[in-house]
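For reference, data-v3.txt is printed below; it contains compact mmCIF, C-alpha atoms.
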# COMPACT_ATOMS: atom_id res chain seq x y z
CA MET A 74 133.27 -54.70 -9.46
CA LYS A 75 134.06 -51.59 -11.50
CA PRO A 76 136.61 -49.09 -10.18
CA PRO A 77 134.84 -46.17 -8.42
CA ALA A 78 135.49 -43.73 -11.27
CA GLU A 79 133.87 -46.08 -13.78
CA LEU A 80 130.73 -46.52 -11.70
CA PHE A 81 129.63 -43.00 -12.60
CA ASP A 82 130.46 -43.35 -16.31
CA LEU A 83 127.43 -42.77 -18.54
CA SER A 84 129.15 -43.46 -21.86
CA GLY A 85 126.70 -44.93 -24.36
CA LYS A 86 123.69 -43.85 -22.28
CA VAL A 87 120.84 -41.53 -23.24
CA ALA A 88 119.37 -39.23 -20.60
CA LEU A 89 116.13 -37.26 -20.92
CA VAL A 90 115.70 -34.32 -18.54
CA THR A 91 112.49 -32.30 -18.30
CA GLY A 92 112.94 -28.71 -17.23
CA GLY A 93 116.44 -29.19 -18.62
CA SER A 94 117.03 -25.71 -19.95
CA ARG A 95 117.75 -23.92 -16.66
CA GLY A 96 118.34 -24.31 -12.95
CA LEU A 97 118.94 -27.77 -11.54
CA GLY A 98 117.83 -29.37 -14.79
CA ARG A 99 120.55 -27.63 -16.78
CA GLU A 100 123.15 -28.65 -14.19
CA MET A 101 122.09 -32.28 -14.53
CA VAL A 102 122.08 -32.15 -18.34
CA LEU A 103 125.64 -30.82 -18.44
CA ALA A 104 126.82 -33.28 -15.77
CA PHE A 105 125.35 -36.25 -17.64
CA ALA A 106 126.97 -35.07 -20.87
CA ALA A 107 130.32 -34.60 -19.13
CA ALA A 108 129.97 -38.19 -17.85
CA GLY A 109 129.52 -39.43 -21.42
CA ALA A 110 125.76 -39.44 -22.01
CA ASP A 111 123.81 -38.08 -24.96
CA VAL A 112 120.89 -36.02 -23.76
CA VAL A 113 117.35 -34.98 -24.56
CA ILE A 114 116.62 -31.50 -23.22
CA ALA A 115 112.93 -30.77 -22.71
CA SER A 116 111.25 -27.56 -21.58
CA ARG A 117 108.49 -25.29 -22.81
CA LYS A 118 110.76 -22.90 -24.72
CA ALA A 119 112.56 -24.28 -27.77
CA ASP A 120 115.20 -21.55 -27.85
CA ALA A 121 116.18 -22.21 -24.24
CA CYS A 122 116.57 -25.92 -24.98
CA GLU A 123 118.66 -25.16 -28.05
CA LYS A 124 120.98 -22.92 -26.06
CA VAL A 125 121.77 -25.71 -23.59
CA ALA A 126 122.11 -28.16 -26.49
CA GLU A 127 124.93 -25.97 -27.81
CA GLU A 128 126.69 -26.29 -24.44
CA VAL A 129 126.33 -30.08 -24.65
CA HIS A 130 127.75 -30.12 -28.18
CA ALA A 131 130.77 -28.21 -26.87
CA LEU A 132 131.34 -31.14 -24.49
CA GLY A 133 131.44 -33.50 -27.46
CA ARG A 134 128.07 -35.14 -26.87
CA ARG A 135 124.84 -35.27 -28.86
CA ALA A 136 121.88 -33.22 -27.67
CA LEU A 137 118.25 -33.20 -28.77
CA PRO A 138 116.29 -30.08 -27.77
CA VAL A 139 112.52 -30.65 -27.59
CA ALA A 140 109.90 -28.05 -26.69
CA ALA A 141 107.25 -29.76 -24.57
CA HIS A 142 104.82 -28.84 -21.78
CA VAL A 143 104.91 -31.60 -19.17
CA GLY A 144 101.36 -30.82 -18.09
CA HIS A 145 100.06 -31.85 -21.54
CA TRP A 146 99.86 -35.60 -22.18
CA ALA A 147 99.99 -35.19 -25.96
CA ASP A 148 103.30 -33.32 -25.61
CA LEU A 149 104.69 -36.14 -23.48
CA ALA A 150 103.76 -38.79 -26.04
CA ARG A 151 105.45 -36.67 -28.73
CA LEU A 152 108.51 -36.14 -26.50
CA THR A 153 108.83 -39.87 -25.87
CA ASP A 154 108.48 -40.78 -29.55
CA THR A 155 110.93 -38.05 -30.58
CA ALA A 156 113.56 -39.30 -28.12
CA TYR A 157 113.19 -42.94 -29.18
CA ASP A 158 113.12 -42.07 -32.87
CA ALA A 159 116.39 -40.13 -32.48
CA TYR A 160 118.31 -42.40 -30.13
CA GLY A 161 116.44 -45.70 -30.07
CA LYS A 162 116.31 -45.73 -26.28
CA VAL A 163 116.23 -43.74 -23.05
CA ASP A 164 118.41 -45.04 -20.22
CA VAL A 165 117.84 -42.24 -17.72
CA LEU A 166 114.67 -40.20 -17.22
CA VAL A 167 114.74 -37.21 -14.90
CA ASN A 168 111.31 -35.80 -14.05
CA ASN A 169 112.66 -32.41 -13.06
CA ALA A 170 110.20 -29.86 -14.44
CA GLY A 171 108.08 -28.23 -11.77
CA MET A 172 106.38 -25.05 -10.63
CA SER A 173 105.86 -23.73 -7.11
CA PRO A 174 103.82 -20.52 -7.09
CA LEU A 175 102.50 -19.20 -3.79
CA ALA A 176 98.83 -18.37 -3.29
CA PRO A 177 97.45 -15.70 -0.93
CA SER A 178 95.69 -18.46 1.02
CA SER A 179 94.14 -21.87 0.46
CA ALA A 180 90.67 -20.33 0.08
CA GLU A 181 92.01 -17.91 -2.53
CA THR A 182 93.70 -20.60 -4.62
CA SER A 183 91.98 -20.66 -8.00
CA GLU A 184 90.95 -23.86 -9.73
CA GLU A 185 93.13 -22.89 -12.68
CA LEU A 186 96.22 -22.49 -10.50
CA PHE A 187 95.48 -25.72 -8.62
CA ASP A 188 95.11 -27.71 -11.84
CA LYS A 189 98.26 -26.18 -13.33
CA ILE A 190 100.36 -27.07 -10.26
CA ILE A 191 99.04 -30.63 -10.15
CA GLY A 192 99.49 -31.02 -13.89
CA VAL A 193 103.14 -30.03 -13.97
CA ASN A 194 104.29 -31.55 -10.67
CA PHE A 195 102.28 -34.78 -10.59
CA LYS A 196 100.22 -35.61 -13.68
CA GLY A 197 103.08 -34.99 -16.10
CA PRO A 198 105.71 -37.03 -14.25
CA PHE A 199 103.18 -39.85 -13.85
CA ARG A 200 102.48 -39.96 -17.56
CA LEU A 201 106.09 -39.60 -18.74
CA ALA A 202 107.38 -42.23 -16.32
CA SER A 203 104.57 -44.52 -17.45
CA LEU A 204 105.46 -44.12 -21.12
CA ILE A 205 109.23 -44.39 -20.76
CA GLY A 206 109.29 -46.76 -17.79
CA GLN A 207 107.26 -49.31 -19.72
CA ARG A 208 109.70 -49.15 -22.64
CA MET A 209 112.67 -49.38 -20.27
CA SER A 210 111.24 -52.47 -18.60
CA GLU A 211 110.66 -54.13 -21.97
CA GLY A 212 114.20 -53.27 -23.05
CA ALA A 213 117.53 -53.10 -21.26
CA GLY A 214 116.21 -51.29 -18.18
CA GLY A 215 117.15 -47.89 -16.87
CA SER A 216 116.88 -45.33 -14.11
CA ILE A 217 114.06 -42.89 -13.37
CA ILE A 218 114.75 -39.94 -11.05
CA ASN A 219 111.79 -38.01 -9.72
CA VAL A 220 112.94 -34.59 -8.56
CA SER A 221 110.75 -33.73 -5.59
CA SER A 222 110.93 -31.00 -2.99
CA SER A 223 111.41 -30.42 0.70
CA GLY A 224 107.99 -28.77 0.45
CA ALA A 225 106.47 -32.25 0.50
CA LEU A 226 108.31 -33.09 3.75
CA PHE A 227 107.82 -29.69 5.41
CA PRO A 228 104.48 -28.45 4.06
CA GLN A 229 103.20 -25.00 4.94
CA PRO A 230 100.18 -22.82 4.12
CA ARG A 231 100.21 -20.91 0.78
CA PHE A 232 101.72 -23.83 -1.16
CA GLY A 233 99.39 -26.67 -0.22
CA PRO A 234 98.74 -27.91 -3.79
CA TYR A 235 102.48 -27.91 -4.53
CA ALA A 236 103.30 -29.79 -1.32
CA GLY A 237 100.53 -32.27 -2.06
CA ALA A 238 101.67 -32.79 -5.65
CA LYS A 239 105.27 -33.42 -4.61
CA ALA A 240 104.13 -35.80 -1.85
CA ALA A 241 102.15 -37.66 -4.50
CA LEU A 242 105.26 -37.74 -6.70
CA ASN A 243 107.15 -39.33 -3.80
CA ALA A 244 104.48 -42.03 -3.69
CA LEU A 245 104.83 -42.62 -7.42
CA THR A 246 108.47 -43.51 -6.89
CA THR A 247 107.41 -46.55 -4.88
CA VAL A 248 104.68 -47.42 -7.39
CA PHE A 249 107.01 -47.38 -10.38
CA ALA A 250 109.91 -49.05 -8.57
CA LEU A 251 107.61 -52.00 -7.92
CA GLU A 252 105.88 -51.93 -11.29
CA TYR A 253 108.97 -51.65 -13.50
CA GLY A 254 111.56 -53.38 -11.34
CA PRO A 255 113.89 -55.13 -11.27
CA LYS A 256 115.19 -53.82 -14.60
CA VAL A 257 114.21 -50.23 -13.89
CA ARG A 258 115.33 -48.37 -10.79
CA VAL A 259 113.13 -45.48 -9.62
CA ASN A 260 114.18 -43.01 -6.94
CA THR A 261 113.25 -39.62 -5.53
CA LEU A 262 115.77 -36.80 -5.31
CA SER A 263 114.21 -34.45 -2.76
CA ALA A 264 115.72 -31.02 -3.35
CA GLY A 265 115.82 -28.24 -0.80
CA PRO A 266 116.40 -24.53 -1.44
CA PHE A 267 118.92 -23.88 -4.20
CA LEU A 268 120.23 -20.61 -5.58
CA THR A 269 118.69 -21.04 -9.04
CA ASP A 270 116.73 -18.43 -11.00
CA ILE A 271 113.80 -18.69 -8.60
CA SER A 272 115.96 -17.47 -5.73
CA LYS A 273 116.30 -14.05 -7.37
CA ALA A 274 112.88 -13.24 -5.89
CA TRP A 275 113.99 -14.20 -2.36
CA SER A 276 115.06 -11.75 0.29
CA GLN A 277 118.78 -11.27 0.87
CA GLU A 278 118.44 -13.04 4.22
CA LYS A 279 116.81 -16.07 2.63
CA ARG A 280 119.57 -16.19 0.00
CA ARG A 281 122.20 -16.31 2.75
CA THR A 282 120.73 -18.61 5.40
CA THR A 283 118.32 -21.50 5.83
CA ARG A 284 116.89 -23.35 8.81
CA SER A 285 119.12 -26.34 8.23
CA ALA A 286 122.21 -28.13 9.45
CA ALA A 287 124.19 -26.58 6.59
CA GLY A 288 122.77 -23.17 7.41
CA ARG A 289 122.65 -22.00 3.78
CA PRO A 290 120.93 -22.65 0.45
CA GLY A 291 122.57 -25.01 -2.00
CA ARG A 292 124.62 -23.98 -5.00
CA PRO A 293 123.11 -25.38 -8.22
CA GLU A 294 126.17 -27.53 -8.95
CA GLU A 295 125.73 -29.29 -5.60
CA ILE A 296 122.88 -31.33 -7.09
CA ILE A 297 125.23 -33.05 -9.53
CA THR A 298 126.77 -35.82 -7.44
CA THR A 299 123.43 -37.19 -6.24
CA ALA A 300 121.99 -37.03 -9.74
CA LEU A 301 125.00 -38.87 -11.16
CA TYR A 302 124.77 -41.49 -8.42
CA LEU A 303 121.10 -42.20 -9.15
CA ALA A 304 121.57 -42.16 -12.93
CA SER A 305 124.58 -44.47 -13.01
CA ASP A 306 125.57 -48.01 -12.06
CA ALA A 307 126.86 -46.61 -8.78
CA SER A 308 123.28 -46.94 -7.46
CA SER A 309 122.60 -50.44 -8.81
CA TYR A 310 121.05 -51.55 -5.50
CA THR A 311 119.19 -48.30 -4.78
CA THR A 312 115.55 -48.18 -5.83
CA GLY A 313 112.31 -47.01 -4.28
CA SER A 314 114.37 -44.58 -2.19
CA LEU A 315 114.08 -40.90 -1.29
CA ILE A 316 117.38 -39.05 -1.00
CA ARG A 317 117.28 -35.59 0.55
CA VAL A 318 119.62 -32.95 -0.87
CA ASP A 319 118.52 -30.04 1.28
CA GLY A 320 121.37 -29.21 3.63
CA GLY A 321 119.61 -30.95 6.51
CA LEU A 322 116.43 -28.85 6.72
CA TYR A 323 114.44 -29.14 9.91
Target encoding C-alpha cells, full file:
Amino acid sequence: MKPPAELFDLSGKVALVTGGSRGLGREMVLAFAAAGADVVIASRKADACEKVAEEVHALGRRALPVAAHVGHWADLARLTDTAYDAYGKVDVLVNNAGMSPLAPSSAETSEELFDKIIGVNFKGPFRLASLIGQRMSEGAGGSIINVSSSGALFPQPRFGPYAGAKAALNALTTVFALEYGPKVRVNTLSAGPFLTDISKAWSQEKRRTTRSAAGRPGRPEEIITTALYLASDASSYTTGSLIRVDGGLY
C-alpha cells in the first residue's frame, strides 16, 4: 500500500481535459500538472488553450494545447490522434466541456439549440470516451471522468435538453465502466453551482447562497480534490460511481 501522499501522485501520467482552458477544466488541468502529469488542453479557442499551457509549463510539466469542438466527431478523432502522437498514451480523460443555455420554454427551444446542447454534453463525450477508452483498455488502462451536473439530478423547466443530456452522460459512465473494465475506471463527477465565469451572469443573491447543506456555491478550486481522487490510484476500487460535488443540494 502506497503512503497517502503517493496515492495522488500523477507523475508519468498524461491527462486530457476537454473544456480545459477555463473554469473547472482549467482548475483540473493545473491540479493534474501540479501532481506530476503532462496534460492535453482542449477547447474551441486555440489561444485560450495556449494561455493555460503556459501556466502548465511554469509548473515544470509538458502541455499540449489543441483547438477542438467536442460536438464534432472529426475534431475528436483528430484530438485523440494528436494526443497519442505527442505522448504515446492517455492515462486520464476528463470529459469536462459542456454548455447549459436556458430556453424561454420547452416549446420555444429550437432544433438548432437542442442539437447543439446534446452534441456538446452527450454525443461528444460518448465519442471521445469510445475512442480513448478503447485504446486505454488495449493498453495499460486508465481513468475516465465524466463531468456531469446537478441539473441531471434536479431537473427543471427551461433546461430540459441539458438535464437530459447530463442524465444520459451519467448512464454512459455505467456503460463504459462495464465495457472497458477492469483496466479502465469510469466515474461521474456531478458538479453543482460553482463560481466560474458562468456565475458572472447570476444575481448577487445566487452568487452568495444556494439551496444546499453548504448554503453557498463552490469555489472553483474546490473541485480539485475529487478530480485528483478519481484520476489517481487513490480511487483504484472506485468505478461506475457518481460522486456529487455540489455542497449538498436538495
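Every protein, DNA or RNA residue with an atom at most 9 Å from Lys279 (chain A), where only C-alpha atoms count and chain neighbours fewer than 4 positions away do not, is listed here: Ser272, Trp275, Thr283, Arg289 and Pro290 of chain A.
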- Task: Rank nothing, just name the residue among A:Pro293, A:Gly206, A:Gly85, A:Gly288 nearest to Thr269 (chain A), using only C-alpha atoms.
- Result: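 Using only C-alpha atoms, Thr269 (chain A) sits closest to A:Pro293.
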If I put a ball of radius 9 Å at (104.0, -32.0, 1.1) in the file's coordinates, which residues poke into it when counting only C-alpha atoms, written as a short mmCIF file (atom, residue, chain, number, x, y, z; two decimals) with C-alpha atoms, keeping the file's coordinate frame?
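Result went into part21.cif, see below:
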data_model
loop_
_atom_site.label_atom_id
_atom_site.label_comp_id
_atom_site.auth_asym_id
_atom_site.auth_seq_id
_atom_site.Cartn_x
_atom_site.Cartn_y
_atom_site.Cartn_z
CA SER A 222 110.93 -31.00 -2.99
CA SER A 223 111.41 -30.42 0.70
CA GLY A 224 107.99 -28.77 0.45
CA ALA A 225 106.47 -32.25 0.50
CA LEU A 226 108.31 -33.09 3.75
CA PHE A 227 107.82 -29.69 5.41
CA PRO A 228 104.48 -28.45 4.06
CA GLN A 229 103.20 -25.00 4.94
CA PHE A 232 101.72 -23.83 -1.16
CA GLY A 233 99.39 -26.67 -0.22
CA PRO A 234 98.74 -27.91 -3.79
CA TYR A 235 102.48 -27.91 -4.53
CA ALA A 236 103.30 -29.79 -1.32
CA GLY A 237 100.53 -32.27 -2.06
CA ALA A 238 101.67 -32.79 -5.65
CA LYS A 239 105.27 -33.42 -4.61
CA ALA A 240 104.13 -35.80 -1.85
CA ALA A 241 102.15 -37.66 -4.50
#
Neighbouring residues of Ser94 (chain A) were defined as those with any atom within 10 Å, considering only C-alpha atoms; residues of the same chain fewer than 2 positions away were excluded. Please report them as a PDB file with C-alpha atoms, in the frame of the given file.
ATOM      1  CA  VAL A  90     115.700 -34.320 -18.540  1.00  0.00           C
ATOM      2  CA  THR A  91     112.490 -32.300 -18.300  1.00  0.00           C
ATOM      3  CA  GLY A  92     112.940 -28.710 -17.230  1.00  0.00           C
ATOM      4  CA  GLY A  96     118.340 -24.310 -12.950  1.00  0.00           C
ATOM      5  CA  LEU A  97     118.940 -27.770 -11.540  1.00  0.00           C
ATOM      6  CA  GLY A  98     117.830 -29.370 -14.790  1.00  0.00           C
ATOM      7  CA  ARG A  99     120.550 -27.630 -16.780  1.00  0.00           C
ATOM      8  CA  GLU A 100     123.150 -28.650 -14.190  1.00  0.00           C
ATOM      9  CA  MET A 101     122.090 -32.280 -14.530  1.00  0.00           C
ATOM     10  CA  VAL A 102     122.080 -32.150 -18.340  1.00  0.00           C
ATOM     11  CA  ILE A 114     116.620 -31.500 -23.220  1.00  0.00           C
ATOM     12  CA  ALA A 115     112.930 -30.770 -22.710  1.00  0.00           C
ATOM     13  CA  SER A 116     111.250 -27.560 -21.580  1.00  0.00           C
ATOM     14  CA  ARG A 117     108.490 -25.290 -22.810  1.00  0.00           C
ATOM     15  CA  LYS A 118     110.760 -22.900 -24.720  1.00  0.00           C
ATOM     16  CA  ALA A 119     112.560 -24.280 -27.770  1.00  0.00           C
ATOM     17  CA  ASP A 120     115.200 -21.550 -27.850  1.00  0.00           C
ATOM     18  CA  ALA A 121     116.180 -22.210 -24.240  1.00  0.00           C
ATOM     19  CA  CYS A 122     116.570 -25.920 -24.980  1.00  0.00           C
ATOM     20  CA  GLU A 123     118.660 -25.160 -28.050  1.00  0.00           C
ATOM     21  CA  LYS A 124     120.980 -22.920 -26.060  1.00  0.00           C
ATOM     22  CA  VAL A 125     121.770 -25.710 -23.590  1.00  0.00           C
ATOM     23  CA  ALA A 126     122.110 -28.160 -26.490  1.00  0.00           C
ATOM     24  CA  PRO A 138     116.290 -30.080 -27.770  1.00  0.00           C
ATOM     25  CA  ALA A 170     110.200 -29.860 -14.440  1.00  0.00           C
TER      26      ALA A 170
END
- Query: Which of these, A:Ser216, A:Tyr157, A:Ala274, A:Gly254, has the shortest distance to Ala307 (chain A) once you count only C-alpha atoms?
  - Reply: A:Ser216
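Shortest separation to Val113 (chain A) among A:Val220, A:Val193, A:Leu242, A:Val167 occurs at residue A:Val167, atoms counted being all atoms listed in the file.
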- Query: Please, what distance in Å, to one decimal, runs between CA of Val257 (chain A) and CA of Gly215 (chain A)?
  - Reply: 4.8 Å
- Message: Taking (104.5, -42.9, -17.1) in the coordinates of the supplied file, I want to know which residues reach to within 12 Å of it, counting all atoms listed in the file; could you give the answer as number ranges by chain?
- Response: A: 143, 146, 149-150, 153, 166-168, 195-210, 217, 219, 242, 245-246, 248-250, 252-253, 259
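Going from CA of Thr311 (chain A) to CA of Ala213 (chain A) covers 17.2 Å.
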- To one decimal place, how far is CA of Pro266 (chain A) from CA of Pro77 (chain A) in Å?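 It comes out at 29.3 Å.
The residue set within 7 Å of Val163 (chain A), counting all atoms listed in the file and dropping same-chain residues fewer than 4 places from it, reads Val87, Ala88, Leu89 and Tyr157 of chain A.
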- Item | Residue with smallest distance to Leu262 (chain A) - pool A:Asn169, A:Thr247, A:Gln277, A:Thr282, counting all atoms listed in the file |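 Looking at the shortest contact to Leu262 (chain A), the residue is A:Asn169.
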- With all atoms listed in the file as the atoms that count, which of A:Ala78, A:Leu137, A:Ala304, A:Gly171 lies nearest to Ala156 (chain A)?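 Using all atoms listed in the file, the shortest distance to Ala156 (chain A) belongs to A:Leu137.
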- Pick from A:Asp164, A:Glu278, A:Glu181, A:Asp270: nearest to Asp111 (chain A), with all atoms listed in the file counted?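 Of the candidates, the smallest distance to Asp111 (chain A) is held by A:Asp164.
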- Could you give me, as a PyMOL selection string, the residues within 9 Å of Leu103 (chain A), counting only C-alpha atoms and dropping anything in the same chain fewer than 6 positions from it? chain A and resi 112+125+128-129+132
- Item | Residue neighbourhood Asn260 (chain A), 6 Å, all atoms listed in the file, exclusion window fewer than 3 positions, as a ChimeraX atom specification | /A:218,246,312-314
